[in-house]
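Engineer: One file is attached below, start_18.pdb, containing PDB, C-alpha atoms, pLDDT in the B column.
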```pdb
ATOM      1  CA  MET A   5     -15.230   0.462  11.241  1.00 45.00           C
ATOM      2  CA  GLY A   6     -15.967  -3.233  11.608  1.00 39.00           C
ATOM      3  CA  LYS A   7     -13.000  -5.571  11.820  1.00 46.00           C
ATOM      4  CA  SER A   8     -14.689  -8.287   9.728  1.00 48.00           C
ATOM      5  CA  ARG A   9     -13.278  -6.569   6.642  1.00 74.00           C
ATOM      6  CA  ARG A  10      -9.569  -6.535   5.962  1.00 88.00           C
ATOM      7  CA  THR A  11      -8.129  -3.084   5.472  1.00 94.00           C
ATOM      8  CA  ILE A  12      -6.263  -2.053   2.339  1.00 96.00           C
ATOM      9  CA  PRO A  13      -2.902  -1.821   4.191  1.00 95.00           C
ATOM     10  CA  GLU A  14      -3.382  -5.391   5.395  1.00 94.00           C
ATOM     11  CA  GLU A  15      -4.267  -6.621   1.914  1.00 95.00           C
ATOM     12  CA  LEU A  16      -1.345  -4.788   0.310  1.00 95.00           C
ATOM     13  CA  LEU A  17       1.044  -6.409   2.788  1.00 94.00           C
ATOM     14  CA  LEU A  18      -0.421  -9.867   2.204  1.00 93.00           C
ATOM     15  CA  LEU A  19       0.008  -9.374  -1.548  1.00 92.00           C
ATOM     16  CA  ALA A  20       3.664  -8.473  -1.015  1.00 92.00           C
ATOM     17  CA  LEU A  21       4.456 -11.525   1.150  1.00 89.00           C
ATOM     18  CA  ASP A  22       6.208 -14.305  -0.743  1.00 83.00           C
ATOM     19  CA  PRO A  23       4.494 -17.562   0.301  1.00 76.00           C
ATOM     20  CA  ALA A  24       7.653 -19.592  -0.284  1.00 74.00           C
ATOM     21  CA  THR A  25      10.281 -17.443   1.457  1.00 77.00           C
ATOM     22  CA  GLY A  26       8.270 -15.373   3.932  1.00 77.00           C
ATOM     23  CA  THR A  27       9.974 -12.198   2.729  1.00 82.00           C
ATOM     24  CA  THR A  28       8.233  -9.072   1.470  1.00 86.00           C
ATOM     25  CA  ALA A  29       8.669  -7.872  -2.095  1.00 87.00           C
ATOM     26  CA  GLN A  30       9.730  -4.258  -2.650  1.00 86.00           C
ATOM     27  CA  PRO A  31      10.210  -3.608   1.105  1.00 83.00           C
ATOM     28  CA  GLN A  32      11.290   0.027   0.899  1.00 82.00           C
ATOM     29  CA  SER A  33       8.577   1.193  -1.491  1.00 90.00           C
ATOM     30  CA  LEU A  34       6.097  -0.968   0.419  1.00 92.00           C
ATOM     31  CA  ASP A  35       6.595   1.284   3.456  1.00 91.00           C
ATOM     32  CA  LEU A  36       5.407   4.215   1.339  1.00 94.00           C
ATOM     33  CA  GLY A  37       2.533   2.159  -0.014  1.00 95.00           C
ATOM     34  CA  LEU A  38       1.309   1.260   3.466  1.00 95.00           C
ATOM     35  CA  ALA A  39       1.221   4.938   4.440  1.00 95.00           C
ATOM     36  CA  GLY A  40      -0.739   5.646   1.270  1.00 96.00           C
ATOM     37  CA  ALA A  41      -3.049   2.691   1.865  1.00 96.00           C
ATOM     38  CA  GLN A  42      -3.966   4.164   5.246  1.00 96.00           C
ATOM     39  CA  LEU A  43      -5.110   7.334   3.496  1.00 97.00           C
ATOM     40  CA  VAL A  44      -7.285   5.356   1.077  1.00 96.00           C
ATOM     41  CA  GLU A  45      -8.823   3.345   3.919  1.00 97.00           C
ATOM     42  CA  LEU A  46      -9.583   6.518   5.878  1.00 97.00           C
ATOM     43  CA  ALA A  47     -11.175   8.039   2.760  1.00 96.00           C
ATOM     44  CA  LEU A  48     -13.365   4.959   2.241  1.00 95.00           C
ATOM     45  CA  ALA A  49     -14.405   5.264   5.902  1.00 96.00           C
ATOM     46  CA  GLY A  50     -15.477   8.866   5.237  1.00 96.00           C
ATOM     47  CA  ARG A  51     -12.877  10.395   7.585  1.00 97.00           C
ATOM     48  CA  ILE A  52     -10.757  12.241   5.005  1.00 97.00           C
ATOM     49  CA  ALA A  53     -11.259  13.500   1.450  1.00 96.00           C
ATOM     50  CA  PRO A  54      -9.008  14.722  -1.372  1.00 93.00           C
ATOM     51  CA  ASP A  55      -8.697  18.492  -1.776  1.00 92.00           C
ATOM     52  CA  GLY A  56      -6.755  18.902  -5.013  1.00 90.00           C
ATOM     53  CA  ASP A  57      -3.427  17.230  -4.312  1.00 90.00           C
ATOM     54  CA  ARG A  58      -4.009  17.572  -0.573  1.00 94.00           C
ATOM     55  CA  ILE A  59      -5.767  15.485   2.067  1.00 95.00           C
ATOM     56  CA  ALA A  60      -8.353  17.099   4.335  1.00 96.00           C
ATOM     57  CA  VAL A  61      -9.909  15.634   7.486  1.00 97.00           C
ATOM     58  CA  VAL A  62     -13.691  15.884   7.160  1.00 97.00           C
ATOM     59  CA  VAL A  63     -14.820  13.665  10.080  1.00 97.00           C
ATOM     60  CA  PRO A  64     -12.287  13.324  12.925  1.00 96.00           C
ATOM     61  CA  ARG A  65     -14.285  10.597  14.681  1.00 96.00           C
ATOM     62  CA  PRO A  66     -12.143   7.466  15.335  1.00 96.00           C
ATOM     63  CA  THR A  67     -12.691   4.402  13.170  1.00 96.00           C
ATOM     64  CA  GLY A  68     -11.990   1.842  15.882  1.00 94.00           C
ATOM     65  CA  ASP A  69      -8.798   0.663  14.163  1.00 94.00           C
ATOM     66  CA  PRO A  70      -5.886   1.833  16.387  1.00 92.00           C
ATOM     67  CA  THR A  71      -3.330   2.135  13.563  1.00 93.00           C
ATOM     68  CA  LEU A  72      -5.682   4.048  11.276  1.00 96.00           C
ATOM     69  CA  ASP A  73      -6.846   6.245  14.148  1.00 96.00           C
ATOM     70  CA  CYS A  74      -3.237   7.171  14.926  1.00 94.00           C
ATOM     71  CA  ALA A  75      -2.825   8.361  11.328  1.00 95.00           C
ATOM     72  CA  LEU A  76      -6.157  10.201  11.469  1.00 97.00           C
ATOM     73  CA  GLU A  77      -5.156  12.008  14.657  1.00 96.00           C
ATOM     74  CA  LEU A  78      -1.821  13.055  13.158  1.00 94.00           C
ATOM     75  CA  LEU A  79      -3.646  14.449  10.134  1.00 95.00           C
ATOM     76  CA  ARG A  80      -6.126  16.264  12.376  1.00 96.00           C
ATOM     77  CA  ARG A  81      -3.316  17.888  14.346  1.00 95.00           C
ATOM     78  CA  ARG A  82      -1.918  19.406  11.143  1.00 92.00           C
ATOM     79  CA  GLY A  83      -4.923  21.724  11.139  1.00 90.00           C
ATOM     80  CA  ALA A  84      -4.826  22.404   7.396  1.00 93.00           C
ATOM     81  CA  PRO A  85      -5.028  19.988   4.450  1.00 95.00           C
ATOM     82  CA  VAL A  86      -1.731  18.159   3.886  1.00 95.00           C
ATOM     83  CA  ARG A  87      -0.176  17.407   0.523  1.00 95.00           C
ATOM     84  CA  ALA A  88      -0.394  13.674  -0.063  1.00 95.00           C
ATOM     85  CA  VAL A  89       3.202  13.510  -1.281  1.00 94.00           C
ATOM     86  CA  ASN A  90       4.458  15.193   1.897  1.00 93.00           C
ATOM     87  CA  TRP A  91       2.439  12.892   4.138  1.00 93.00           C
ATOM     88  CA  ILE A  92       3.533   9.723   2.395  1.00 94.00           C
ATOM     89  CA  GLY A  93       7.160  10.870   2.232  1.00 91.00           C
ATOM     90  CA  GLY A  94       7.304  11.547   5.964  1.00 87.00           C
ATOM     91  CA  PRO A  95       8.926   9.154   8.451  1.00 79.00           C
ATOM     92  CA  ARG A  96       6.939   5.981   9.042  1.00 72.00           C
ATOM     93  CA  LEU A  97       9.120   4.234  11.604  1.00 68.00           C
ATOM     94  CA  GLY A  98       7.961   0.668  12.125  1.00 83.00           C
ATOM     95  CA  LEU A  99       4.750   0.861  10.063  1.00 89.00           C
ATOM     96  CA  ARG A 100       5.429  -2.380   8.187  1.00 89.00           C
ATOM     97  CA  GLN A 101       6.362  -4.174  11.411  1.00 89.00           C
ATOM     98  CA  THR A 102       3.199  -2.827  13.050  1.00 91.00           C
ATOM     99  CA  TYR A 103       1.065  -4.404  10.342  1.00 92.00           C
ATOM    100  CA  LEU A 104       3.037  -7.643  10.322  1.00 90.00           C
ATOM    101  CA  SER A 105       2.550  -7.945  14.080  1.00 89.00           C
ATOM    102  CA  HIS A 106      -1.154  -7.194  13.660  1.00 89.00           C
ATOM    103  CA  LEU A 107      -1.531  -9.888  10.995  1.00 90.00           C
ATOM    104  CA  GLU A 108       0.258 -12.304  13.324  1.00 89.00           C
ATOM    105  CA  ARG A 109      -2.124 -11.507  16.195  1.00 89.00           C
ATOM    106  CA  CYS A 110      -5.065 -12.064  13.833  1.00 86.00           C
ATOM    107  CA  GLY A 111      -3.664 -15.452  12.884  1.00 85.00           C
ATOM    108  CA  MET A 112      -3.155 -14.572   9.212  1.00 87.00           C
ATOM    109  CA  VAL A 113       0.651 -14.955   9.348  1.00 87.00           C
ATOM    110  CA  HIS A 114       3.117 -16.594  11.697  1.00 83.00           C
ATOM    111  CA  ALA A 115       6.651 -15.463  12.514  1.00 83.00           C
ATOM    112  CA  VAL A 116       9.592 -17.727  11.716  1.00 82.00           C
ATOM    113  CA  ALA A 117      12.854 -16.888  13.490  1.00 79.00           C
ATOM    114  CA  GLY A 118      16.123 -17.425  11.651  1.00 69.00           C
ATOM    115  CA  GLN A 119      19.586 -16.062  11.022  1.00 63.00           C
ATOM    116  CA  MET A 120      21.170 -14.196   8.144  1.00 64.00           C
ATOM    117  CA  CYS A 121      24.716 -15.279   7.306  1.00 66.00           C
ATOM    118  CA  GLY A 122      24.510 -17.517  10.363  1.00 66.00           C
ATOM    119  CA  VAL A 123      24.871 -14.527  12.678  1.00 72.00           C
ATOM    120  CA  LEU A 124      22.194 -11.809  12.390  1.00 75.00           C
ATOM    121  CA  PRO A 125      18.779 -12.691  13.838  1.00 74.00           C
ATOM    122  CA  THR A 126      15.957 -12.366  11.320  1.00 76.00           C
ATOM    123  CA  THR A 127      12.203 -12.850  11.359  1.00 80.00           C
ATOM    124  CA  ARG A 128      10.226 -13.975   8.344  1.00 80.00           C
ATOM    125  CA  TYR A 129       6.448 -14.018   8.120  1.00 83.00           C
ATOM    126  CA  GLN A 130       4.535 -16.722   6.311  1.00 79.00           C
ATOM    127  CA  ALA A 131       0.814 -16.840   5.619  1.00 81.00           C
ATOM    128  CA  THR A 132      -1.113 -19.302   7.752  1.00 82.00           C
ATOM    129  CA  ASP A 133      -4.145 -19.261   5.458  1.00 76.00           C
ATOM    130  CA  THR A 134      -3.136 -19.014   1.817  1.00 79.00           C
ATOM    131  CA  ASP A 135      -6.817 -18.893   0.812  1.00 85.00           C
ATOM    132  CA  ILE A 136      -6.926 -15.282   1.993  1.00 87.00           C
ATOM    133  CA  SER A 137      -4.008 -14.264  -0.212  1.00 86.00           C
ATOM    134  CA  ARG A 138      -5.501 -16.192  -3.141  1.00 89.00           C
ATOM    135  CA  GLU A 139      -8.839 -14.384  -2.707  1.00 92.00           C
ATOM    136  CA  ILE A 140      -7.117 -10.986  -2.741  1.00 93.00           C
ATOM    137  CA  ARG A 141      -5.093 -11.948  -5.804  1.00 92.00           C
ATOM    138  CA  ALA A 142      -8.210 -13.295  -7.544  1.00 94.00           C
ATOM    139  CA  ARG A 143      -9.902  -9.901  -7.250  1.00 93.00           C
ATOM    140  CA  LEU A 144      -6.990  -8.249  -9.037  1.00 93.00           C
ATOM    141  CA  ASP A 145      -6.841 -11.005 -11.651  1.00 94.00           C
ATOM    142  CA  ASN A 146     -10.565 -10.665 -12.306  1.00 93.00           C
ATOM    143  CA  ALA A 147     -10.343  -6.900 -12.766  1.00 91.00           C
ATOM    144  CA  ILE A 148      -7.404  -7.319 -15.135  1.00 91.00           C
ATOM    145  CA  ARG A 149      -8.955 -10.165 -17.122  1.00 90.00           C
ATOM    146  CA  THR A 150     -12.506  -8.863 -17.551  1.00 88.00           C
ATOM    147  CA  GLY A 151     -11.850  -5.140 -17.964  1.00 80.00           C
ATOM    148  CA  VAL A 152     -14.961  -4.465 -15.863  1.00 86.00           C
ATOM    149  CA  PRO A 153     -14.435  -1.433 -13.579  1.00 86.00           C
ATOM    150  CA  PRO A 154     -13.597  -2.884 -10.144  1.00 91.00           C
ATOM    151  CA  ASP A 155     -15.068  -1.799  -6.835  1.00 92.00           C
ATOM    152  CA  PRO A 156     -13.252   1.135  -5.152  1.00 91.00           C
ATOM    153  CA  ARG A 157     -11.331  -1.084  -2.722  1.00 93.00           C
ATOM    154  CA  THR A 158      -9.970  -3.324  -5.464  1.00 94.00           C
ATOM    155  CA  ALA A 159      -9.188  -0.340  -7.694  1.00 93.00           C
ATOM    156  CA  ALA A 160      -7.254   1.364  -4.890  1.00 94.00           C
ATOM    157  CA  LEU A 161      -5.404  -1.854  -4.052  1.00 95.00           C
ATOM    158  CA  ALA A 162      -4.433  -2.257  -7.723  1.00 95.00           C
ATOM    159  CA  ALA A 163      -3.231   1.350  -7.892  1.00 94.00           C
ATOM    160  CA  LEU A 164      -1.058   0.900  -4.807  1.00 96.00           C
ATOM    161  CA  ALA A 165       0.276  -2.477  -5.952  1.00 95.00           C
ATOM    162  CA  HIS A 166       1.390  -0.832  -9.192  1.00 95.00           C
ATOM    163  CA  ALA A 167       2.820   2.213  -7.394  1.00 95.00           C
ATOM    164  CA  VAL A 168       5.071   0.189  -5.087  1.00 95.00           C
ATOM    165  CA  GLY A 169       6.284  -2.052  -7.909  1.00 94.00           C
ATOM    166  CA  LEU A 170       4.447  -5.268  -7.057  1.00 94.00           C
ATOM    167  CA  GLY A 171       3.492  -5.802 -10.693  1.00 93.00           C
ATOM    168  CA  LYS A 172       6.665  -7.775 -11.435  1.00 91.00           C
ATOM    169  CA  HIS A 173       6.155  -9.783  -8.254  1.00 91.00           C
ATOM    170  CA  LEU A 174       2.537 -10.663  -9.090  1.00 92.00           C
ATOM    171  CA  TYR A 175       2.894 -10.984 -12.878  1.00 94.00           C
ATOM    172  CA  PRO A 176       6.543 -11.793 -13.599  1.00 92.00           C
ATOM    173  CA  GLY A 177       8.405 -12.177 -16.884  1.00 93.00           C
ATOM    174  CA  ASN A 178       7.478 -11.369 -20.444  1.00 94.00           C
ATOM    175  CA  GLU A 179       4.270 -13.368 -20.137  1.00 92.00           C
ATOM    176  CA  GLY A 180       3.113 -11.015 -17.381  1.00 93.00           C
ATOM    177  CA  ARG A 181       3.772  -7.822 -19.321  1.00 94.00           C
ATOM    178  CA  SER A 182       0.201  -7.298 -20.510  1.00 94.00           C
ATOM    179  CA  SER A 183      -1.161  -7.997 -17.012  1.00 94.00           C
ATOM    180  CA  ARG A 184       1.249  -5.456 -15.529  1.00 93.00           C
ATOM    181  CA  SER A 185       0.072  -2.906 -18.076  1.00 93.00           C
ATOM    182  CA  ARG A 186      -3.595  -3.532 -17.237  1.00 92.00           C
ATOM    183  CA  LEU A 187      -2.789  -3.372 -13.518  1.00 92.00           C
ATOM    184  CA  ARG A 188      -1.348   0.081 -14.131  1.00 90.00           C
ATOM    185  CA  ASP A 189      -4.452   1.142 -16.048  1.00 90.00           C
ATOM    186  CA  LEU A 190      -6.725   0.286 -13.106  1.00 89.00           C
ATOM    187  CA  ILE A 191      -5.305   3.361 -11.383  1.00 87.00           C
ATOM    188  CA  ARG A 192      -7.920   5.530 -13.120  1.00 87.00           C
ATOM    189  CA  HIS A 193     -10.926   3.824 -11.517  1.00 88.00           C
ATOM    190  CA  ASP A 194     -10.582   5.355  -8.043  1.00 87.00           C
ATOM    191  CA  PRO A 195      -9.729   9.076  -7.664  1.00 89.00           C
ATOM    192  CA  MET A 196      -8.368   8.746  -4.122  1.00 92.00           C
ATOM    193  CA  GLY A 197      -6.406   5.614  -4.960  1.00 92.00           C
ATOM    194  CA  GLY A 198      -4.998   7.355  -8.023  1.00 92.00           C
ATOM    195  CA  LEU A 199      -4.001  10.449  -6.047  1.00 94.00           C
ATOM    196  CA  VAL A 200      -2.241   8.359  -3.419  1.00 95.00           C
ATOM    197  CA  ALA A 201      -0.573   6.048  -5.938  1.00 94.00           C
ATOM    198  CA  HIS A 202       0.846   8.996  -7.877  1.00 94.00           C
ATOM    199  CA  ALA A 203       2.089  10.497  -4.601  1.00 95.00           C
ATOM    200  CA  VAL A 204       3.870   7.219  -3.762  1.00 95.00           C
ATOM    201  CA  MET A 205       5.571   7.237  -7.178  1.00 94.00           C
ATOM    202  CA  ASP A 206       6.498  10.901  -6.823  1.00 94.00           C
ATOM    203  CA  VAL A 207       8.186  10.274  -3.482  1.00 94.00           C
ATOM    204  CA  GLN A 208      10.208   7.448  -5.026  1.00 92.00           C
ATOM    205  CA  SER A 209      11.196   9.698  -7.926  1.00 89.00           C
ATOM    206  CA  GLY A 210      12.057  12.616  -5.665  1.00 85.00           C
ATOM    207  CA  VAL A 211       9.338  14.709  -7.317  1.00 65.00           C
ATOM    208  CA  ALA A 212       7.563  16.667  -4.601  1.00 54.00           C
ATOM    209  CA  ALA A 213       7.690  20.291  -5.675  1.00 46.00           C
ATOM    210  CA  GLN A 214       4.905  20.570  -8.250  1.00 50.00           C
ATOM    211  CA  PRO A 215       1.225  20.058  -7.371  1.00 50.00           C
ATOM    212  CA  ARG A 216      -0.414  17.232  -9.290  1.00 49.00           C
ATOM    213  CA  ARG A 217      -3.684  17.486 -11.142  1.00 49.00           C
ATOM    214  CA  SER A 218      -6.532  15.431  -9.759  1.00 47.00           C
ATOM    215  CA  PRO A 219      -6.757  11.904 -11.242  1.00 48.00           C
ATOM    216  CA  ALA A 220      -9.088  11.422 -14.221  1.00 49.00           C
ATOM    217  CA  PRO A 221     -12.547  10.158 -13.247  1.00 49.00           C
ATOM    218  CA  ALA A 222     -13.526   6.556 -13.855  1.00 48.00           C
ATOM    219  CA  GLY A 223     -14.330   5.770 -17.451  1.00 48.00           C
ATOM    220  CA  ARG A 224     -12.030   8.356 -18.965  1.00 47.00           C
ATOM    221  CA  PRO A 225      -9.210   6.863 -21.053  1.00 45.00           C
ATOM    222  CA  ALA A 226      -5.833   6.655 -19.374  1.00 42.00           C
ATOM    223  CA  THR A 227      -3.467   9.440 -20.316  1.00 41.00           C
ATOM    224  CA  ALA A 228       0.266   9.831 -20.537  1.00 39.00           C
ATOM    225  CA  GLY A 229       0.181  11.037 -16.940  1.00 44.00           C
ATOM    226  CA  VAL A 230      -0.252   7.449 -15.745  1.00 46.00           C
ATOM    227  CA  ARG A 231       3.308   6.304 -15.246  1.00 52.00           C
ATOM    228  CA  SER A 232       4.972   3.042 -14.512  1.00 51.00           C
ATOM    229  CA  ALA A 233       6.208   2.619 -10.970  1.00 50.00           C
ATOM    230  CA  PRO A 234       9.855   3.785 -10.894  1.00 46.00           C
ATOM    231  CA  GLU A 235      12.720   2.341  -8.946  1.00 41.00           C
ATOM    232  CA  PRO A 236      13.526   4.338  -5.783  1.00 41.00           C
ATOM    233  CA  ALA A 237      15.483   7.397  -6.829  1.00 38.00           C
ATOM    234  CA  ARG A 238      18.953   8.247  -5.621  1.00 34.00           C
ATOM    235  CA  GLY A 239      18.738  10.894  -2.948  1.00 37.00           C
ATOM    236  CA  VAL A 240      15.382   9.744  -1.569  1.00 37.00           C
ATOM    237  CA  PRO A 241      15.835   9.035   2.150  1.00 40.00           C
ATOM    238  CA  ALA A 242      15.987   5.309   2.811  1.00 41.00           C
ATOM    239  CA  GLN A 243      12.947   3.941   4.597  1.00 41.00           C
ATOM    240  CA  PRO A 244      13.552   1.996   7.819  1.00 40.00           C
ATOM    241  CA  ARG A 245      13.992  -1.740   7.311  1.00 39.00           C
ATOM    242  CA  HIS A 246      11.589  -3.764   9.365  1.00 39.00           C
ATOM    243  CA  GLY A 247       9.731  -7.009   9.029  1.00 38.00           C
ATOM    244  CA  SER A 248      10.960  -9.889   6.958  1.00 37.00           C
ATOM    245  CA  MET A 249      14.689  -9.198   6.924  1.00 33.00           C
ATOM    246  CA  ALA A 250      15.012  -7.214  10.119  1.00 36.00           C
ATOM    247  CA  ARG A 251      15.146  -8.234  13.721  1.00 36.00           C
ATOM    248  CA  ALA A 252      11.742  -8.181  15.323  1.00 36.00           C
ATOM    249  CA  VAL A 253      11.430  -5.344  17.830  1.00 34.00           C
ATOM    250  CA  ALA A 254      10.027  -6.307  21.196  1.00 36.00           C
ATOM    251  CA  HIS A 255       7.138  -4.121  22.275  1.00 38.00           C
TER     252      HIS A 255
END
```
Turn this file's structure into structure tokens for me.
Structural biologist:
Amino acid sequence: MGKSRRTIPEELLLLALDPATGTTAQPQSLDLGLAGAQLVELALAGRIAPDGDRIAVVVPRPTGDPTLDCALELLRRRGAPVRAVNWIGGPRLGLRQTYLSHLERCGMVHAVAGQMCGVLPTTRYQATDTDISREIRARLDNAIRTGVPPDPRTAALAALAHAVGLGKHLYPGNEGRSSRSRLRDLIRHDPMGGLVAHAVMDVQSGVAAQPRRSPAPAGRPATAGVRSAPEPARGVPAQPRHGSMARAVAH
């Protein structure tokens, strides 16, 4: 995989970064979304494929991206196809911090040290090139505004942005309601993105027992099965807090 193209986890994280405060929106659900975004990126690279509501490794060859290849190797070691909801709901210690550090090394964000309540050390991350974030946002805006089926990468990014609850961050208030609704509807344009997005929402809702039907193919009208992203449910294990409001871990 060439590194000239940003990966979907990187783009999802850049979308979630607030350019004014350097904090990330929806930090706990974002951890789930990053794990799901890795699956979509691996599928686009031809390494994995959906098998019902499960994920199967079809080509175990590394992609050249260390973080993605770590996920691919973990999937390969499972031996059998893994339910997407179980994979996404598993522990992802430090995944957000890993991507923040990667974006910093690539020069797309820079770390700003600070303190919370004047005592606790914090690290915020602010974009160094806001044109990149604007380009990512423009792709979503274009898909929402025109109604033209987006390319698979944009469709998957839209599905994940909806699943982790970024709709209210990207399109706030009553004036953004129709845009949030259309963002949700883009979930149907990419089967893998739809499968992963639904798995992210199921983990947040604590729904992991029943297998999910495969997402409707592109072009088919959205059904009642396309849900709005819920708030994290009580009883769902809290995801580790890293990144914008946590102390940076020295590696």
Engineer: Between CA of Ile92 in chain A and CA of Gly40 in chain A, what distance in Å does the model show, to one decimal?
Structural biologist: 6.0 Å
Engineer: Produce the centre coordinates and the three edge lengths, each in Å to one decimal, of the box along x, y and z that contains all listed atoms of range 166-169 of chain A with 3 Å added on each side, as JSON.
Structural biologist:
```
{"center_x": 3.8, "center_y": 0.1, "center_z": -7.1, "size_x": 10.9, "size_y": 10.3, "size_z": 10.1}
```
Engineer: Hey, which of A:Pro54, A:Ala49, A:Arg143, A:Glu179 ends up closest to Pro66 in chain A? Count only C-alpha atoms.
Structural biologist: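 Looking only at the distances to Pro66 in chain A, the closest residue turns out to be A:Ala49.
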Engineer: Apply the PyMOL selection byres ((chain A and resi 149) around 12) to the displayed file and report the matching residues as a PyMOL selection string.
Structural biologist: chain A and resi 142-148+150-154+182-187+190
Engineer: Tell me which protein, DNA and RNA residues are within 8 Å of range 104-111 of chain A, counting all atoms listed in the file, leaving out same-chain ones fewer than 3 positions away, and put them as a JSON list (two decimals) with C-alpha atoms, keeping the file's coordinate frame.
Structural biologist:
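Generated output (around-v1.json):
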```json
[["chain", "number", "residue", "atom", "x", "y", "z"],
["A", 14, "GLU", "CA", -3.38, -5.39, 5.40],
["A", 17, "LEU", "CA", 1.04, -6.41, 2.79],
["A", 100, "ARG", "CA", 5.43, -2.38, 8.19],
["A", 101, "GLN", "CA", 6.36, -4.17, 11.41],
["A", 114, "HIS", "CA", 3.12, -16.59, 11.70],
["A", 115, "ALA", "CA", 6.65, -15.46, 12.51],
["A", 129, "TYR", "CA", 6.45, -14.02, 8.12],
["A", 132, "THR", "CA", -1.11, -19.30, 7.75],
["A", 247, "GLY", "CA", 9.73, -7.01, 9.03]]
```
Engineer: When you draw a straight line from CA of Ile191 in chain A to CA of Leu164 in chain A, how long is it in Å?
Structural biologist: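 CA of Ile191 in chain A sits 8.2 Å away from CA of Leu164 in chain A.
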Engineer: When you draw a straight line from CA of Gln130 in chain A to CA of Arg10 in chain A, how long is it in Å?
Structural biologist: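 Separation of CA of Gln130 in chain A and CA of Arg10 in chain A: 17.4 Å.
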Engineer: So, counting only C-alpha atoms, which residue among A:Val44, A:Val207, A:Ala162, A:Leu124 is closest to Asp189 in chain A?
Structural biologist: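 Of the candidates, the smallest distance to Asp189 in chain A is held by A:Ala162.
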Engineer: Fewer than 5 positions away in the same chain doesn't count, so skip those; otherwise give me all residues within 7 Å of range 28-35 of chain A, counting all atoms listed in the file, as a ChimeraX atom specification.
Structural biologist: /A:20-22,99-100,168-170,173,243,248
Engineer: Given the choices A:Leu18, A:Met196, A:Val116, A:Val204, which gets closest to Ile52 in chain A if the distance is worked out from only C-alpha atoms?
Structural biologist: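 Answer, going by the shortest atom-to-atom distance: A:Met196.
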Engineer: So what does the PyMOL selection byres ((chain A and resi 43) around 10) actually pick up in this one, as a PyMOL selection string?
Structural biologist: chain A and resi 12-13+37-42+44-49+51-54+59+72+75-76+79+88+91-92+196-197+200
Engineer: Using only C-alpha atoms - which residues lie no farther than 8 Å from the point (-3.8, 20.4, 6.4) in the file's frame? Write them as a PDB file with C-alpha atoms, in the coordinates of the input.
Structural biologist:
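result-v8.pdb was written with the following content:
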```pdb
ATOM      1  CA  ARG A  58      -4.009  17.572  -0.573  1.00 94.00           C
ATOM      2  CA  ILE A  59      -5.767  15.485   2.067  1.00 95.00           C
ATOM      3  CA  ALA A  60      -8.353  17.099   4.335  1.00 96.00           C
ATOM      4  CA  VAL A  61      -9.909  15.634   7.486  1.00 97.00           C
ATOM      5  CA  LEU A  79      -3.646  14.449  10.134  1.00 95.00           C
ATOM      6  CA  ARG A  80      -6.126  16.264  12.376  1.00 96.00           C
ATOM      7  CA  ARG A  82      -1.918  19.406  11.143  1.00 92.00           C
ATOM      8  CA  GLY A  83      -4.923  21.724  11.139  1.00 90.00           C
ATOM      9  CA  ALA A  84      -4.826  22.404   7.396  1.00 93.00           C
ATOM     10  CA  PRO A  85      -5.028  19.988   4.450  1.00 95.00           C
ATOM     11  CA  VAL A  86      -1.731  18.159   3.886  1.00 95.00           C
ATOM     12  CA  ARG A  87      -0.176  17.407   0.523  1.00 95.00           C
TER      13      ARG A  87
END
```
Engineer: Which residue gives the smallest distance to Ala203 in chain A among A:Ile140, A:Val63, A:Cys74, A:Ala167, with all atoms listed in the file counted?
Structural biologist: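 For Ala203 in chain A, the nearest of the given residues is A:Ala167.
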Engineer: Find the residues near Leu161 in chain A: any atom within 7 Å, counting only C-alpha atoms, skip ones fewer than 4 places away on the same chain, and give them as a PyMOL selection string.
Structural biologist: chain A and resi 12+16+157+165
Engineer: Here is a test: counting all atoms listed in the file, which residue of A:Arg192, A:Ala163, A:Leu19, A:Thr71 is nearest to Thr102 in chain A?
Structural biologist: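 Looking at the shortest contact to Thr102 in chain A, the residue is A:Thr71.
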Engineer: Give the answer as one residue: which of A:Lys172, A:Ala159, A:Ser137, A:Leu36 has the shortest atom-to-atom distance to Gly94 in chain A, using all atoms listed in the file?
Structural biologist: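 The answer is A:Leu36, which sits nearest to Gly94 in chain A.
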Engineer: Kindly write N, CA, C and O atoms of range 140-145 of chain A from the structure just given to a file, as a CSV table (one decimal), in the first residue's frame.
Structural biologist:
```csv
chain,number,residue,atom,x,y,z
A,140,ILE,N,-10.9,16.8,3.1
A,140,ILE,CA,-11.7,15.6,3.6
A,140,ILE,C,-13.2,16.0,3.8
A,140,ILE,O,-14.1,15.3,3.4
A,141,ARG,N,-13.4,17.1,4.5
A,141,ARG,CA,-14.7,17.6,4.7
A,141,ARG,C,-15.5,17.9,3.4
A,141,ARG,O,-16.7,17.6,3.3
A,142,ALA,N,-14.8,18.4,2.5
A,142,ALA,CA,-15.4,18.8,1.2
A,142,ALA,C,-15.9,17.5,0.5
A,142,ALA,O,-17.0,17.6,-0.2
A,143,ARG,N,-15.2,16.4,0.6
A,143,ARG,CA,-15.7,15.2,0.0
A,143,ARG,C,-17.0,14.8,0.6
A,143,ARG,O,-18.0,14.3,-0.2
A,144,LEU,N,-17.1,14.8,1.9
A,144,LEU,CA,-18.4,14.5,2.5
A,144,LEU,C,-19.5,15.5,2.1
A,144,LEU,O,-20.6,15.1,1.8
A,145,ASP,N,-19.2,16.8,2.2
A,145,ASP,CA,-20.2,17.8,1.8
A,145,ASP,C,-20.7,17.6,0.4
A,145,ASP,O,-21.9,17.7,0.1
```
